[in-house]
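Q: Below is one structure. I have some questions about it.
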Amino acid sequence: MGAEAVQDLDCGVLRTAEGDQDSLVRFVVGSGEPPKVVSAEEIGHLGDPLAKGPFASGLFPRTAQGVLDMLDQTVPNAAPADSQTSFIVGEGSQLPADNPRASVRTFLVTRTRVPNAGPEIVVAAQTPEAEGLVEVMAWDDSAGGFNYYQTTPGQPWILAGNSADALRSGSAGAGPFESHPSGNAIMKELRLPWVHWKSFRAPVPPAVAPQIAAHPWFMDAIGAETFEAQIQDSVRRWNRIRLDRAVTDDLVGDALRLLQPLFATPTVNLISADIEWSKVMRGEVDSFAAPIAFFLNAHALRDICGLELPEPDKLQVQSLAYREALTEHGITLRENGEPLVPVPSDTHFAFLVPEPAFEDTELLALAAPKKDDPDEGTLLSRRLIGCALMVDFANPVLSERRAALARHVTGDIPADGFSQRLGDAIAGSSEAGEEGAPEAEFAELWNAGEEGWKDLAQEGIAAYAEAIKNLLAGPEGAKEVFRLAQSRREQVSDMPIHSEVDFLFATPPAKLGERLRMSPGAQVLPVG
Amino acid sequence: MAGLERFTVPGALTDAISVDQKKLDEAWHKKVAEFMSPAARRSRSLYDPTDEGEDTPADALRHPVRWPAFPATLNATTNSPDRRVQIADASRDRQDEYCEWSVKRAGPGATDPILRVTFTTELPEYFEVLHESDAEAALALYREHVDPNASPEQIAPGGAYDRNNSLNRQTTEGKIMHLRTGPNNLSAAVSLASDATVLRFRDDTLVTSPQDLVSCGHFGEPLRSSDPQIAAAINGLATLGDKITLEDPVGLYIDGIRPEGLELPAGVTLEDCWHVERGTAEHAVRASFSLPEEAGTLKDVRVRGAPLRFGAQLADLVRVRIVALSHSRGSVDPETAGCVA
């Protein structure tokens, strides 16, 4: 391929790389470097099991199973076979088996070596033994982070970068880092009930994939609840390295990127209610609890800041009104705009919405003091995290108000007293004196002091919980939260991860095009 | 594989003391047959592997169904991770995923550091059979695992074995012998497997999703992890026309404890802490988590980033398993029905 194609930042450009099938080509999209064959000597410098084993031995497997077999032949201890687990993901796996879109999208096979560190290797492919797209993430002990590889029939293996490239100008957000923006292994539907995944909540019937149903990857596939834990371990592993590298010479470098999770929405996960849509559809339940993360940043405010959250009884969406909302807007699962199932229909589990991504909130958690160990991880104070996230807290994702606070993060900031400096800078800014400015909202909490901010925040959440309950108890409550949910879904559908992976959100025939926000009084209002 | 001669005791246990083990084995076989025979008779797809002519071929497909021991119904009750695990620890009645546990602490307080958490999937039916066949053996197990001073009257007031006896109700002191909570028994699991072989239709549409299937067939609580998944797995095989049975030894087993998210003190491995106490490694029915020889508390263990303070945190990592076998795909025309009114 020509150098001009390197300007194309889409992940799909990786498939255009050419070369001998039995070779490795380094192609970091966005880096400005053209694709280049990796020499045997350079392979020797890579520290991941795929490079140290098969590639160093001149073996270039063509299938996913081949990757695992060749690992066992060459470096069996680098990713032990007895640690292998397989998982099934596929939006279509939860459709009725007679639906033409019913299918398994991907098998994920992982192997672990280090306790509590997540997988050493993740192999993703549609089938174990047929040639096709094979993607591999392999942990590099030398460099830290994952090395991202892929191959397709007729192609060489591509080394598409290391987790660290996700954080470098140029390659950030390009190639595999479109969907892995922080360089982490990801699982978009990370929490119960893991819509789109095989789990104890949603087994994949063999009739959905009869051609593969007798294969060990299918038969022995375990649930998403285990992949969730593997991913959480893995995210902590890479995020710790990120944080360690963030401070050099007592300065926090690239603080703006590091603090993105505090102010902005770099990426999202997806969360749904823990109830099958069909039960809502038939009115088997009068109401269902919407996920708490729809209403505020639950993970950060509860687990990092220690705030009490509204309980499910405050978050009950009335089934009938919700169903009416879906009917009114023609919501169903679609492919290329065409309904796959009759209107109205939601996703397999109802009320699928974006939530703050685990990789982002966990970065904050690692940088903050632990509940039981106040001396560890003190880059960010709970007060700074809490005061920032409580700005426009009713909008845990896509908050322009909270994102505006990032304008006070300038240059490298001394690590010593980092949180105090930043908090003081925001609270002491000229904007903090402007009524209605996000800085003023921040300052009100920040100026309440080390303990006072928490009391104020808790009061705000309690009042919000009551307001939500009142909203949802009214005849229009379910329709209002549906509109807000749809607004958020439409906004994240423009994110790169969504453009690459068809999540099968339930959608209307055309975007509703509303940009909405939630107020602390639980009113759904237009943005702006 | 030839037909199964008799059902094997769960975990290949050999508990008999005062009678020949063969007598106990035979009594257990009869007990399982009491469940399995009628369950198979009322299903076209499920068969009793001990029936004449019901051979299970060697290439039958093995379908392990696994789920966490933590009671999934509690997930809907609170958004507080602390309350979630407190509730689960507080009463065996809430532990309804075919696995129950009890916590032994270093002191009497509810927040004193944990010394050991003991999990069991042992079947109440087995202890009833054991007590009836060999009361001395049943008492010996209580004395070994629950209370060295256990008396016959405590486990069998008036002479009849009480699965809910006073020594088998607790969630504290690590005292637990076998499953006792309402739906946690083999009879219920076998009955579910049979009922789930019926293809359910609603408005001419096949019902396949777990929660929906459980509601449609009135199989119980749709928000549990275990029953909806077992039902969906069996139902999925019945849809393909498979002949289906449960793998011998028929039972509910502790599949193990997942290592993900478990942080142990330096120098301690998971193998040091996880002890299968009854059954075999492959068919464990009782297992505990403690430091070797209980040489200290578990205060330095963390689960998913949080200090270990409740047994239920480990229940999130413990997996329970039942295994179905299937073969002869397409050979059975499964029964169909509408939803139960």
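Residues are referred to by chain and number: the chain letter is A, B, ... according to the order shown in the structure tokens, the number counts from 1 in that chain, and ligands are numbered separately from 1 in the order shown.
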Near segment 128-140 of chain B, counting only C-alpha atoms, which residues have an atom at most 6 Å away, once you skip same-chain residues fewer than 3 positions from it, shown as a tab-separated table (two decimals) with N, CA and C atoms, in the first residue's frame?
A:
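After the write, out_27.tsv holds the following:
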chain	number	residue	atom	x	y	z
B	16	ALA	N	-20.56	-44.78	54.25
B	16	ALA	CA	-21.15	-45.82	55.10
B	16	ALA	C	-20.19	-46.23	56.21
B	17	ILE	N	-20.74	-46.44	57.39
B	17	ILE	CA	-19.95	-46.91	58.53
B	17	ILE	C	-20.51	-48.23	59.07
B	125	GLU	N	-31.53	-34.69	50.02
B	125	GLU	CA	-32.02	-36.05	49.80
B	125	GLU	C	-30.95	-37.09	50.16
B	143	ARG	N	-20.53	-34.56	63.16
B	143	ARG	CA	-19.50	-34.37	64.19
B	143	ARG	C	-18.17	-33.94	63.56
Q: Within segment 293-443 of chain A, find each residue whose DSSP state, derived from the backbone, is helix (DSSP H, G or I), and express the selection as number ranges by chain.
A: A: 293-294, 298-304, 312-314, 319-328, 358-367, 382-389, 400-408, 418-427, 430-433, 438-443
Q: Name the residues in contact with segment 270-274 of chain B at a cut-off of 6 Å, using only C-alpha atoms, excluding same-chain residues fewer than 4 positions from it; report them as a list of chain:residue names.
A: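 Surrounding residues, per the criterion: B:Ser288, B:Phe289, B:Ser290, B:Leu291, B:Pro292.
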Q: Could you list the residues in chain B lying within 9 Å of chain A, using only C-alpha atoms, and format the result as a PyMOL selection string?
A: chain B and resi 61-68+75-81+206-212+215+223-226+228-229+232-233+235-237+239-240+258-263+269+304+306-307+317
Q: Please provide as a ChimeraX atom specification all residues within 8 Å of Glu120 of chain A, with the sequence filter that same-chain residues fewer than 4 positions apart are discarded (counting only C-alpha atoms).
A: /A:49,78-79,110-114,138-139
Q: Any idea what the distance is between atom CA of Ile468 of chain A and atom CA of Ala522 of chain A?
A: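 Here the two named atoms are 5.3 Å from each other.
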Q: Taking 3 positions as the minimum chain separation for residues in the same chain, which residues sit within 9 Å of segment 318-323 of chain B when counting only C-alpha atoms? Answer as a PyMOL selection string.
A: chain B and resi 62-70+97-99+119+121+226+230+245-248+250-258+314-315
Q: Go ahead and save the picked residues with C-alpha atoms, as a PDB file, in the first residue's frame.
A:
ATOM      1  CA  ARG B  62     -21.516 -32.905  27.349  1.00  0.00           C
ATOM      2  CA  HIS B  63     -23.192 -29.638  28.287  1.00  0.00           C
ATOM      3  CA  PRO B  64     -21.945 -28.193  31.551  1.00  0.00           C
ATOM      4  CA  VAL B  65     -24.188 -25.414  32.840  1.00  0.00           C
ATOM      5  CA  ARG B  66     -22.428 -23.149  35.320  1.00  0.00           C
ATOM      6  CA  TRP B  67     -23.547 -20.241  37.408  1.00  0.00           C
ATOM      7  CA  PRO B  68     -22.270 -18.177  40.343  1.00  0.00           C
ATOM      8  CA  ALA B  69     -23.202 -19.280  43.856  1.00  0.00           C
ATOM      9  CA  PHE B  70     -24.261 -15.759  44.723  1.00  0.00           C
ATOM     10  CA  GLU B  97     -28.668 -21.037  43.705  1.00  0.00           C
ATOM     11  CA  TYR B  98     -28.136 -24.688  44.699  1.00  0.00           C
ATOM     12  CA  CYS B  99     -25.228 -23.595  46.846  1.00  0.00           C
ATOM     13  CA  PHE B 119     -19.659 -23.844  50.667  1.00  0.00           C
ATOM     14  CA  THR B 121     -23.932 -28.290  47.274  1.00  0.00           C
ATOM     15  CA  SER B 226     -29.525 -21.274  37.989  1.00  0.00           C
ATOM     16  CA  ILE B 230     -30.672 -24.801  33.232  1.00  0.00           C
ATOM     17  CA  THR B 245     -30.180 -36.924  30.297  1.00  0.00           C
ATOM     18  CA  LEU B 246     -28.219 -35.699  33.289  1.00  0.00           C
ATOM     19  CA  GLU B 247     -24.659 -36.864  33.729  1.00  0.00           C
ATOM     20  CA  ASP B 248     -23.989 -39.450  36.392  1.00  0.00           C
ATOM     21  CA  VAL B 250     -26.431 -36.837  39.036  1.00  0.00           C
ATOM     22  CA  GLY B 251     -26.089 -33.846  41.304  1.00  0.00           C
ATOM     23  CA  LEU B 252     -25.178 -30.239  41.782  1.00  0.00           C
ATOM     24  CA  TYR B 253     -21.459 -29.661  42.013  1.00  0.00           C
ATOM     25  CA  ILE B 254     -19.055 -26.962  43.063  1.00  0.00           C
ATOM     26  CA  ASP B 255     -17.290 -26.273  39.795  1.00  0.00           C
ATOM     27  CA  GLY B 256     -14.556 -24.306  41.532  1.00  0.00           C
ATOM     28  CA  ILE B 257     -13.657 -20.788  42.421  1.00  0.00           C
ATOM     29  CA  ARG B 258     -12.688 -18.329  39.699  1.00  0.00           C
ATOM     30  CA  LEU B 314     -16.471 -15.265  47.543  1.00  0.00           C
ATOM     31  CA  ALA B 315     -19.850 -16.649  46.466  1.00  0.00           C
TER      32      ALA B 315
END
